[in-house]
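What's in upload38.pdb: PDB, C-alpha atoms, pLDDT in the B column
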ATOM      1  CA  MET A   1       6.923  -0.802 -15.127  1.00 66.00           C
ATOM      2  CA  PHE A   2       3.566  -2.102 -16.363  1.00 73.00           C
ATOM      3  CA  ASN A   3       1.550  -0.118 -18.825  1.00 82.00           C
ATOM      4  CA  VAL A   4      -1.964  -1.022 -17.622  1.00 82.00           C
ATOM      5  CA  GLY A   5      -4.945   0.944 -18.791  1.00 91.00           C
ATOM      6  CA  PRO A   6      -8.558   1.030 -17.645  1.00 91.00           C
ATOM      7  CA  GLY A   7      -9.566  -1.596 -20.220  1.00 93.00           C
ATOM      8  CA  GLU A   8      -7.202  -4.191 -18.821  1.00 93.00           C
ATOM      9  CA  ILE A   9      -8.293  -3.464 -15.258  1.00 88.00           C
ATOM     10  CA  MET A  10     -11.939  -3.897 -16.257  1.00 93.00           C
ATOM     11  CA  ILE A  11     -11.178  -7.231 -17.943  1.00 93.00           C
ATOM     12  CA  VAL A  12      -9.447  -8.516 -14.817  1.00 90.00           C
ATOM     13  CA  GLY A  13     -12.377  -7.340 -12.678  1.00 88.00           C
ATOM     14  CA  VAL A  14     -14.927  -9.106 -14.893  1.00 91.00           C
ATOM     15  CA  LEU A  15     -12.854 -12.296 -14.871  1.00 93.00           C
ATOM     16  CA  ALA A  16     -12.600 -12.189 -11.069  1.00 90.00           C
ATOM     17  CA  LEU A  17     -16.355 -11.657 -10.813  1.00 90.00           C
ATOM     18  CA  VAL A  18     -17.043 -14.612 -13.117  1.00 92.00           C
ATOM     19  CA  LEU A  19     -14.542 -16.910 -11.395  1.00 90.00           C
ATOM     20  CA  PHE A  20     -15.362 -16.150  -7.764  1.00 89.00           C
ATOM     21  CA  GLY A  21     -18.869 -14.718  -7.837  1.00 91.00           C
ATOM     22  CA  PRO A  22     -20.203 -11.536  -6.281  1.00 89.00           C
ATOM     23  CA  LYS A  23     -20.514 -12.999  -2.767  1.00 91.00           C
ATOM     24  CA  LYS A  24     -16.944 -14.250  -2.524  1.00 92.00           C
ATOM     25  CA  LEU A  25     -15.235 -11.171  -4.024  1.00 89.00           C
ATOM     26  CA  PRO A  26     -15.404  -8.936  -0.893  1.00 91.00           C
ATOM     27  CA  GLU A  27     -13.947 -11.742   1.220  1.00 93.00           C
ATOM     28  CA  LEU A  28     -11.074 -12.172  -1.244  1.00 90.00           C
ATOM     29  CA  GLY A  29     -10.429  -8.427  -1.265  1.00 89.00           C
ATOM     30  CA  LYS A  30     -10.348  -8.318   2.519  1.00 95.00           C
ATOM     31  CA  ALA A  31      -7.986 -11.281   2.691  1.00 95.00           C
ATOM     32  CA  LEU A  32      -5.720  -9.719   0.062  1.00 92.00           C
ATOM     33  CA  GLY A  33      -5.644  -6.424   1.968  1.00 95.00           C
ATOM     34  CA  GLN A  34      -4.801  -8.162   5.228  1.00 97.00           C
ATOM     35  CA  GLY A  35      -2.076 -10.181   3.525  1.00 96.00           C
ATOM     36  CA  LEU A  36      -0.496  -7.063   2.047  1.00 96.00           C
ATOM     37  CA  GLY A  37      -0.706  -5.309   5.421  1.00 97.00           C
ATOM     38  CA  ASN A  38       0.999  -8.227   7.162  1.00 97.00           C
ATOM     39  CA  PHE A  39       3.686  -8.323   4.475  1.00 97.00           C
ATOM     40  CA  LYS A  40       4.423  -4.604   4.845  1.00 97.00           C
ATOM     41  CA  LYS A  41       4.551  -4.920   8.641  1.00 97.00           C
ATOM     42  CA  SER A  42       6.957  -7.858   8.423  1.00 97.00           C
ATOM     43  CA  LEU A  43       9.137  -5.970   5.965  1.00 97.00           C
ATOM     44  CA  THR A  44       9.251  -2.920   8.256  1.00 97.00           C
ATOM     45  CA  ASP A  45      10.093  -5.122  11.250  1.00 97.00           C
ATOM     46  CA  ALA A  46      12.902  -6.846   9.349  1.00 97.00           C
ATOM     47  CA  GLN A  47      14.358  -3.501   8.254  1.00 97.00           C
ATOM     48  CA  SER A  48      14.232  -2.249  11.838  1.00 97.00           C
ATOM     49  CA  GLU A  49      15.986  -5.362  13.148  1.00 97.00           C
ATOM     50  CA  LEU A  50      18.669  -5.080  10.479  1.00 96.00           C
ATOM     51  CA  LYS A  51      19.255  -1.420  11.304  1.00 96.00           C
ATOM     52  CA  THR A  52      19.549  -2.219  15.008  1.00 96.00           C
ATOM     53  CA  ALA A  53      21.984  -5.062  14.319  1.00 95.00           C
ATOM     54  CA  LEU A  54      24.152  -2.796  12.157  1.00 94.00           C
ATOM     55  CA  GLU A  55      24.216  -0.115  14.866  1.00 94.00           C
ATOM     56  CA  VAL A  56      25.278  -2.669  17.472  1.00 93.00           C
ATOM     57  CA  GLU A  57      28.001  -3.961  15.132  1.00 92.00           C
ATOM     58  CA  GLU A  58      29.295  -0.421  14.549  1.00 91.00           C
ATOM     59  CA  LYS A  59      29.419   0.262  18.296  1.00 90.00           C
ATOM     60  CA  GLN A  60      31.332  -2.957  18.936  1.00 89.00           C
ATOM     61  CA  THR A  61      33.802  -2.154  16.167  1.00 88.00           C
ATOM     62  CA  ALA A  62      34.328   1.363  17.518  1.00 84.00           C
ATOM     63  CA  GLN A  63      34.937   0.019  21.039  1.00 85.00           C
ATOM     64  CA  GLU A  64      37.416  -2.567  19.766  1.00 81.00           C
ATOM     65  CA  ASP A  65      39.276   0.067  17.767  1.00 79.00           C
ATOM     66  CA  SER A  66      39.531   2.410  20.757  1.00 80.00           C
ATOM     67  CA  ALA A  67      40.729  -0.425  23.011  1.00 76.00           C
ATOM     68  CA  LYS A  68      43.662  -1.319  20.748  1.00 72.00           C
ATOM     69  CA  PRO A  69      47.024   0.023  21.877  1.00 69.00           C
ATOM     70  CA  GLN A  70      48.416   2.685  19.592  1.00 65.00           C
ATOM     71  CA  ALA A  71      51.731   1.898  17.952  1.00 57.00           C
TER
END
Just give me the structure of the file as structure tokens.
Amino acid sequence: MFNVGPGEIMIVGVLALVLFGPKKLPELGKALGQGLGNFKKSLTDAQSELKTALEVEEKQTAQEDSAKPQA
């Protein structure tokens, strides 16, 4: 998707160091890591809820179909 080489990564790192300073950088990295972790957990939870809802819907549909009188 993105063609990023080591030069571009180094430029971004130097810019981050200049903008935020060496003392603030570890805090920003930790916050970014926690944010990504929370996002992944929320995404997994949402997928699980959706899967459960679809299973319940399928069961209800199957029960309704079996309860219909056959013509």
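Interatomic distance, CA of Gly37 in chain A to CA of Pro6 in chain A: 25.2 Å.
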Would you compute the box with edges along x, y and z of the file around range 54-67 of chain A, including every atom the file lists for it and 6 Å extra on each side, and give its centre and edge lengths in Å to one decimal, as lines of an AutoDock Vina configuration file?
center_x = 32.4
center_y = -0.8
center_z = 17.6
size_x = 28.6
size_y = 18.4
size_z = 22.9
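CA of Leu50 in chain A to CA of Gly33 in chain A spans 25.8 Å [interatomic distance, one decimal].
Atom pair CA of Thr61 in chain A / CA of Ala46 in chain A has a distance of 22.5 Å (rounded to one decimal).
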